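Data file: work_1.csv. Format and content: CSV, C-alpha atoms.
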```csv
chain,number,residue,atom,x,y,z
L,1,MET,CA,-9.6,32.6,31.0
L,2,SER,CA,-8.5,33.3,27.4
L,3,LYS,CA,-10.6,34.7,24.6
L,4,LEU,CA,-10.3,34.2,20.8
L,5,HIS,CA,-11.9,37.1,19.0
L,6,ILE,CA,-12.6,36.7,15.3
L,7,ASP,CA,-14.0,39.6,13.3
L,8,SER,CA,-14.6,41.0,9.8
L,9,ILE,CA,-13.7,37.8,8.0
L,10,THR,CA,-14.5,38.0,4.3
L,11,LYS,CA,-13.4,35.7,1.5
L,12,SER,CA,-14.4,35.6,-2.2
L,13,PHE,CA,-13.4,33.6,-5.2
L,14,GLY,CA,-14.0,35.7,-8.3
L,15,PRO,CA,-17.5,37.2,-8.1
L,16,LYS,CA,-18.6,34.6,-5.5
L,17,LYS,CA,-18.6,35.7,-1.9
L,18,ILE,CA,-18.0,32.7,0.4
L,19,LEU,CA,-17.6,34.5,3.7
L,20,GLN,CA,-19.3,37.8,4.4
L,21,ASP,CA,-18.2,39.8,7.4
L,22,ILE,CA,-18.1,36.9,9.8
L,23,TYR,CA,-17.8,37.5,13.5
L,24,LEU,CA,-17.3,34.9,16.2
L,25,THR,CA,-15.9,34.7,19.7
L,26,CYS,CA,-14.8,31.7,21.8
L,27,GLU,CA,-13.5,31.5,25.3
L,28,THR,CA,-11.7,28.8,27.2
L,29,GLY,CA,-14.4,26.7,28.8
L,30,GLN,CA,-16.6,26.9,25.7
L,31,ILE,CA,-17.5,24.5,22.9
L,32,VAL,CA,-18.7,26.4,19.8
L,33,ALA,CA,-20.5,24.4,17.1
L,34,LEU,CA,-20.1,25.4,13.5
L,35,LEU,CA,-22.8,23.9,11.2
L,36,GLY,CA,-23.2,24.3,7.5
L,37,GLY,CA,-23.7,22.3,4.3
L,38,THR,CA,-21.1,21.1,1.9
L,39,GLY,CA,-19.4,24.1,0.2
L,40,SER,CA,-20.7,26.6,2.9
L,41,GLY,CA,-17.1,27.7,3.7
L,42,LYS,CA,-16.6,26.0,7.1
L,43,SER,CA,-13.2,24.6,6.2
L,44,MET,CA,-12.1,28.0,4.7
L,45,PHE,CA,-13.2,29.8,7.9
L,46,LEU,CA,-11.2,27.4,10.1
L,47,LYS,CA,-8.2,27.8,7.9
L,48,ILE,CA,-8.3,31.6,8.1
L,49,ILE,CA,-8.6,31.4,11.9
L,50,PHE,CA,-5.6,29.0,12.0
L,51,GLY,CA,-3.6,31.2,9.6
L,52,THR,CA,-3.0,28.8,6.7
L,53,MET,CA,-5.4,30.8,4.5
L,54,LYS,CA,-5.7,34.6,4.2
L,55,GLY,CA,-9.1,36.3,4.2
L,56,ASP,CA,-9.8,39.3,1.9
L,57,SER,CA,-10.2,41.0,5.3
L,58,GLN,CA,-9.8,39.6,8.7
L,59,PHE,CA,-9.2,40.5,12.4
L,60,ILE,CA,-8.2,37.8,14.8
L,61,LYS,CA,-7.1,38.4,18.3
L,62,PHE,CA,-6.0,36.1,21.1
L,63,ASN,CA,-6.6,38.0,24.4
L,64,ASP,CA,-4.9,41.4,23.7
L,65,GLU,CA,-2.6,40.1,20.9
L,66,VAL,CA,-3.6,40.6,17.3
L,67,LEU,CA,-2.6,37.5,15.2
L,68,THR,CA,-1.3,38.4,11.8
L,69,LYS,CA,1.0,35.4,10.9
L,70,GLN,CA,0.5,31.7,11.1
L,71,SER,CA,3.5,31.5,13.5
L,72,ASP,CA,1.6,33.8,15.9
L,73,ARG,CA,-0.9,30.9,16.5
L,74,ARG,CA,1.8,28.6,17.9
L,75,GLN,CA,0.6,27.1,21.2
L,76,LYS,CA,-2.5,29.2,21.0
L,77,ILE,CA,-4.6,27.5,18.2
L,78,ALA,CA,-4.4,24.0,16.9
L,79,TYR,CA,-6.4,22.8,13.9
L,80,LEU,CA,-7.5,19.3,12.8
L,81,PRO,CA,-8.6,19.4,9.2
L,82,GLN,CA,-10.8,16.8,7.5
L,83,GLN,CA,-7.9,15.6,5.4
L,84,PRO,CA,-5.1,13.4,6.9
L,85,MET,CA,-2.5,15.6,8.5
L,86,PHE,CA,0.2,13.3,10.0
L,87,PRO,CA,3.3,11.8,8.3
L,88,LYS,CA,2.5,8.3,7.1
L,89,ASN,CA,5.6,6.5,8.2
L,90,ILE,CA,5.9,7.6,11.8
L,91,LYS,CA,4.8,5.3,14.6
L,92,ILE,CA,2.1,6.6,16.9
L,93,LYS,CA,4.2,6.3,20.0
L,94,ASN,CA,6.8,8.6,18.4
L,95,LEU,CA,4.1,11.0,16.9
L,96,VAL,CA,2.4,11.9,20.2
L,97,PRO,CA,5.4,13.6,21.8
L,98,LEU,CA,5.7,15.9,18.8
L,99,PHE,CA,2.4,17.6,19.6
L,100,CYS,CA,2.0,17.1,23.4
L,101,ASN,CA,4.0,18.0,26.5
L,102,PRO,CA,5.5,15.2,28.6
L,103,GLU,CA,2.6,15.1,31.0
L,104,ASN,CA,0.0,14.7,28.2
L,105,THR,CA,2.2,12.4,26.3
L,106,ARG,CA,2.3,10.0,29.3
L,107,LYS,CA,-1.4,10.3,29.7
L,108,LEU,CA,-2.1,9.5,26.0
L,109,LEU,CA,0.4,6.7,25.8
L,110,ASN,CA,-1.5,5.0,28.7
L,111,ASP,CA,-4.9,5.7,27.4
L,112,GLY,CA,-6.9,2.6,26.4
L,113,LEU,CA,-8.2,4.2,23.3
L,114,LEU,CA,-4.7,4.9,21.9
L,115,GLN,CA,-2.7,1.9,23.2
L,116,PRO,CA,-3.7,-0.6,20.5
L,117,PHE,CA,-2.1,1.7,17.9
L,118,LEU,CA,1.2,2.7,19.5
L,119,ASP,CA,3.5,0.4,17.6
L,120,ARG,CA,1.8,1.0,14.3
L,121,SER,CA,2.6,3.7,11.8
L,122,VAL,CA,0.0,6.1,10.4
L,123,ARG,CA,-0.1,4.4,7.0
L,124,ASN,CA,-1.2,1.1,8.6
L,125,LEU,CA,-4.3,2.6,10.3
L,126,SER,CA,-7.8,2.6,8.9
L,127,GLY,CA,-9.6,5.9,8.3
L,128,GLY,CA,-11.4,5.7,11.6
L,129,GLU,CA,-8.3,4.7,13.5
L,130,ARG,CA,-6.4,7.6,12.0
L,131,LYS,CA,-9.1,10.0,12.8
L,132,LEU,CA,-9.1,8.8,16.4
L,133,VAL,CA,-5.3,9.2,16.8
L,134,GLU,CA,-5.5,12.7,15.2
L,135,VAL,CA,-8.3,13.9,17.5
L,136,LEU,CA,-6.8,12.5,20.7
L,137,THR,CA,-3.4,14.0,19.9
L,138,ILE,CA,-4.7,17.5,18.9
L,139,ILE,CA,-7.0,17.9,21.9
L,140,HIS,CA,-4.1,17.1,24.2
L,141,SER,CA,-1.8,19.6,22.5
L,142,GLU,CA,-0.5,22.7,24.2
L,143,ALA,CA,-3.0,25.0,22.3
L,144,GLU,CA,-5.7,26.8,24.3
L,145,PHE,CA,-8.1,26.8,21.3
L,146,ILE,CA,-8.8,23.7,19.3
L,147,LEU,CA,-10.4,23.8,15.8
L,148,LEU,CA,-11.9,20.4,14.8
L,149,GLU,CA,-13.3,19.5,11.4
L,150,GLN,CA,-15.6,16.5,11.3
L,151,PRO,CA,-13.8,15.0,14.4
L,152,TYR,CA,-16.1,11.9,14.6
L,153,SER,CA,-15.8,10.9,10.9
L,154,GLY,CA,-15.2,7.1,10.7
L,155,LEU,CA,-15.6,6.5,14.5
L,156,SER,CA,-17.9,3.9,15.9
L,157,PRO,CA,-20.8,5.1,18.0
L,158,ILE,CA,-19.1,3.9,21.2
L,159,VAL,CA,-15.8,5.6,20.4
L,160,THR,CA,-17.6,8.7,19.3
L,161,GLU,CA,-19.3,8.9,22.7
L,162,LYS,CA,-15.9,8.5,24.5
L,163,VAL,CA,-14.3,11.2,22.4
L,164,MET,CA,-17.2,13.6,23.0
L,165,LYS,CA,-16.8,13.1,26.7
L,166,MET,CA,-13.1,13.7,26.4
L,167,ILE,CA,-13.7,16.9,24.5
L,168,LYS,CA,-16.2,18.0,27.1
L,169,GLU,CA,-13.7,17.3,29.9
L,170,LYS,CA,-10.9,19.2,28.1
L,171,SER,CA,-13.2,22.2,27.5
L,172,LYS,CA,-12.8,23.0,31.2
L,173,GLU,CA,-9.3,24.4,30.2
L,174,LYS,CA,-9.6,24.9,26.5
L,175,GLY,CA,-11.9,26.5,23.9
L,176,PHE,CA,-13.3,24.4,21.0
L,177,ILE,CA,-14.7,25.3,17.6
L,178,ILE,CA,-16.1,22.2,16.0
L,179,ALA,CA,-17.4,22.0,12.5
L,180,ASP,CA,-19.7,19.0,12.1
L,181,PHE,CA,-22.7,17.8,10.2
L,182,ASN,CA,-24.2,15.7,13.0
L,183,VAL,CA,-26.7,18.0,14.7
L,184,GLN,CA,-27.6,15.8,17.6
L,185,GLN,CA,-24.0,15.3,18.6
L,186,THR,CA,-23.4,19.0,18.2
L,187,ILE,CA,-26.3,20.0,20.4
L,188,GLU,CA,-25.3,17.5,23.1
L,189,ILE,CA,-21.9,19.0,23.9
L,190,SER,CA,-22.0,22.6,22.6
L,191,ASP,CA,-22.4,25.8,24.5
L,192,LYS,CA,-23.1,27.9,21.4
L,193,MET,CA,-24.2,26.9,17.9
L,194,TYR,CA,-23.8,28.7,14.6
L,195,LEU,CA,-25.0,28.1,11.1
L,196,LEU,CA,-22.9,29.2,8.1
L,197,HIS,CA,-25.3,29.7,5.2
L,198,ASN,CA,-25.0,31.8,2.1
L,199,GLY,CA,-21.9,33.4,3.3
L,200,PHE,CA,-23.3,34.6,6.6
L,201,LEU,CA,-22.9,33.2,10.1
L,202,ARG,CA,-26.0,33.1,12.3
L,203,GLN,CA,-26.2,32.0,15.9
L,204,ILE,CA,-28.8,29.2,16.3
L,205,LYS,CA,-30.8,28.7,19.5
L,206,ASP,CA,-32.6,25.4,18.7
L,207,LEU,CA,-33.7,22.9,16.1
L,208,ASN,CA,-36.6,25.1,15.0
L,209,GLU,CA,-34.2,27.7,13.7
L,210,LEU,CA,-32.3,25.1,11.8
L,211,GLN,CA,-35.5,24.0,10.2
L,212,GLN,CA,-36.4,27.7,9.3
L,213,HIS,CA,-33.0,28.0,7.5
L,214,TYR,CA,-33.7,24.6,5.7
L,215,TYR,CA,-30.7,22.9,7.3
L,216,LEU,CA,-33.0,20.3,8.8
L,217,PRO,CA,-36.3,18.9,7.4
L,218,LYS,CA,-39.5,19.9,9.2
L,219,SER,CA,-40.0,16.4,10.5
L,220,ILE,CA,-36.9,16.4,12.8
```

Kindly transcribe the structure held in the file into structure tokens.
Amino acid sequence: MSKLHIDSITKSFGPKKILQDIYLTCETGQIVALLGGTGSGKSMFLKIIFGTMKGDSQFIKFNDEVLTKQSDRRQKIAYLPQQPMFPKNIKIKNLVPLFCNPENTRKLLNDGLLQPFLDRSVRNLSGGERKLVEVLTIIHSEAEFILLEQPYSGLSPIVTEKVMKMIKEKSKEKGFIIADFNVQQTIEISDKMYLLHNGFLRQIKDLNELQQHYYLPKSI
């Protein structure tokens, strides 16, 4: 079992404090949900974990190794941002091997969800199709910890359900931190749930706590 330890994360823009002394842990075998409204800092937090953004202060450790550079995260942490991340001109069948080992490449190329897109390039996919290709590729990568931002955006309910089941299955060997707006989907597959609000990260036990923090209306 591997452990990702994230501590003392702070980030400000001018006088505004976006992240204030954030602490979070995730182990392989866990799915951690990260909730928060628009502008709460979820994307920024994930980018700091992945190493593409620097916090004003930060301490990130993979098992006993302190991660200081983005290159330290290689094969340890993978990140799927909300924005498109793959080259537009590459065909999907040529894209998958760039991120996955031979065994997972064979598995994905034979997966019914991905097969319809193999001979198409990224630029010829719809937004939902692109998101599906990105999610499937990232969760089958070599990384032990997967950071996903809005992974179900643009997916149909049926495909969303299949992807959620796949994430749950892959979580037996990987750790996931998933930033999402959909509370019901989050609760369904998560082991731990956190709310990022006013710069602080709070662990949430149930829907009542989300209502107390005004993330959900009282009628939910």

Considering all atoms listed in the file, return as a list in words whatever protein or nucleic-acid residues lie within 7 Å of Gly55 (chain L), sequence-local ones (same chain, fewer than 5 positions apart) excluded.
Ile9, Thr10, Lys11 and Ile48 of chain L

Dump C-alpha atoms for the selected residues as a PDB file, in the coordinates of the input?
```pdb
ATOM      1  CA  ILE L   9     -13.700  37.800   8.000  1.00  0.00           C
ATOM      2  CA  THR L  10     -14.500  38.000   4.300  1.00  0.00           C
ATOM      3  CA  LYS L  11     -13.400  35.700   1.500  1.00  0.00           C
ATOM      4  CA  ILE L  48      -8.300  31.600   8.100  1.00  0.00           C
TER       5      ILE L  48
END
```

Within 10 Å of Asn124 (chain L) using all atoms listed in the file, minus same-chain residues under 5 positions, as a compact mmCIF listing (two decimals) with C-alpha atoms, keeping the file's coordinate frame:
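Wrote it out as result.txt, contents follow:
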```
# COMPACT_ATOMS: atom_id res chain seq x y z
CA LYS L 88 2.50 8.30 7.10
CA ASN L 89 5.60 6.50 8.20
CA LYS L 91 4.80 5.30 14.60
CA PHE L 117 -2.10 1.70 17.90
CA GLU L 129 -8.30 4.70 13.50
CA ARG L 130 -6.40 7.60 12.00
```

So which one's closest to Gln82 (chain L), L:Pro97, L:Gly154, L:Gly14, L:Pro116? Using all atoms listed in the file, please.
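Of L:Pro97, L:Gly154, L:Gly14, L:Pro116, the one nearest Gln82 (chain L), counting all atoms listed in the file, is L:Gly154.
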
Give me, as a PyMOL selection string, all polymer residues having an atom no more than 8 Å from Phe59 (chain L), counting all atoms listed in the file and skipping those fewer than 3 positions away in the same chain.
chain L and resi 5-9+66-67

Residues at most 12 Å from Ile60 (chain L), counting all atoms listed in the file, excluding those fewer than 4 positions away in the same chain, as a PyMOL selection string?
chain L and resi 3-9+22-26+45-46+48-51+54-55+64-70+72-73+77

Emit the selected residues as a compact mmCIF listing (two decimals), in the frame of the given file, including C-alpha atoms.
```
# COMPACT_ATOMS: atom_id res chain seq x y z
CA LYS L 3 -10.60 34.70 24.60
CA LEU L 4 -10.30 34.20 20.80
CA HIS L 5 -11.90 37.10 19.00
CA ILE L 6 -12.60 36.70 15.30
CA ASP L 7 -14.00 39.60 13.30
CA SER L 8 -14.60 41.00 9.80
CA ILE L 9 -13.70 37.80 8.00
CA ILE L 22 -18.10 36.90 9.80
CA TYR L 23 -17.80 37.50 13.50
CA LEU L 24 -17.30 34.90 16.20
CA THR L 25 -15.90 34.70 19.70
CA CYS L 26 -14.80 31.70 21.80
CA PHE L 45 -13.20 29.80 7.90
CA LEU L 46 -11.20 27.40 10.10
CA ILE L 48 -8.30 31.60 8.10
CA ILE L 49 -8.60 31.40 11.90
CA PHE L 50 -5.60 29.00 12.00
CA GLY L 51 -3.60 31.20 9.60
CA LYS L 54 -5.70 34.60 4.20
CA GLY L 55 -9.10 36.30 4.20
CA ASP L 64 -4.90 41.40 23.70
CA GLU L 65 -2.60 40.10 20.90
CA VAL L 66 -3.60 40.60 17.30
CA LEU L 67 -2.60 37.50 15.20
CA THR L 68 -1.30 38.40 11.80
CA LYS L 69 1.00 35.40 10.90
CA GLN L 70 0.50 31.70 11.10
CA ASP L 72 1.60 33.80 15.90
CA ARG L 73 -0.90 30.90 16.50
CA ILE L 77 -4.60 27.50 18.20
```

In Å, rounded to a single decimal, give me how far CA of Ile31 (chain L) is from CA of Lys168 (chain L).
7.8 Å

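Closest approach to Met1 (chain L) among L:Asp119, L:Asp206, L:Glu134, L:Glu144 is made by L:Glu144 (distances from all atoms listed in the file).
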
Residues within 9 Å of (-8.8, 9.5, 19.8), file coords, only C-alpha atoms, listed as a count of residues only:
17

Mind giving me the straight-line distance from CA of Val32 (chain L) to CA of Lys192 (chain L) in Å, one decimal?
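According to the coordinates, CA of Val32 (chain L) and CA of Lys192 (chain L) are separated by 4.9 Å.
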
Find the residues around Leu196 (chain L) up to 7 Å (only C-alpha atoms counted), leave out those fewer than 3 positions away in its own chain, and share them as a VMD selection string.
chain L and resid 35 to 36 40 199 to 202

Residue nearest Asn110 (chain L) among L:Met85, L:Ile187, L:Val96, L:Met164 (counting all atoms listed in the file)
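Closest residue, counting all atoms listed in the file: L:Val96.
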
Nearest to Gln58 (chain L) by atom-to-atom distance, counting only C-alpha atoms, from L:Asp21, L:Thr105, L:Met44, L:Pro81:
L:Asp21

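Proximity to Gln20 (chain L) was assessed for L:Ser57, L:Gln75, L:Ser190, L:Asn208 counting all atoms listed in the file; the smallest distance is recorded for L:Ser57.
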
Distance of CA of Ile92 (chain L) from CA of Gly127 (chain L), expressed in Å to one decimal place:
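Here the two named atoms are 14.5 Å from each other.
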
So, counting only C-alpha atoms, which residue among L:Ala33, L:Phe145, L:Lys107, L:Gly128 is closest to Gln184 (chain L)?
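Nearest candidate to Gln184 (chain L) out of L:Ala33, L:Phe145, L:Lys107, L:Gly128: L:Ala33.
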
Name the residues within 10 Å of (-11.5, 25.4, 31.3), counting all atoms listed in the file in the file's coordinates, and put them as a compact mmCIF listing (two decimals) with C-alpha atoms, in the frame of the given file.
```txt
# COMPACT_ATOMS: atom_id res chain seq x y z
CA MET L 1 -9.60 32.60 31.00
CA SER L 2 -8.50 33.30 27.40
CA GLU L 27 -13.50 31.50 25.30
CA THR L 28 -11.70 28.80 27.20
CA GLY L 29 -14.40 26.70 28.80
CA GLN L 30 -16.60 26.90 25.70
CA GLU L 144 -5.70 26.80 24.30
CA LYS L 168 -16.20 18.00 27.10
CA GLU L 169 -13.70 17.30 29.90
CA LYS L 170 -10.90 19.20 28.10
CA SER L 171 -13.20 22.20 27.50
CA LYS L 172 -12.80 23.00 31.20
CA GLU L 173 -9.30 24.40 30.20
CA LYS L 174 -9.60 24.90 26.50
CA GLY L 175 -11.90 26.50 23.90
```
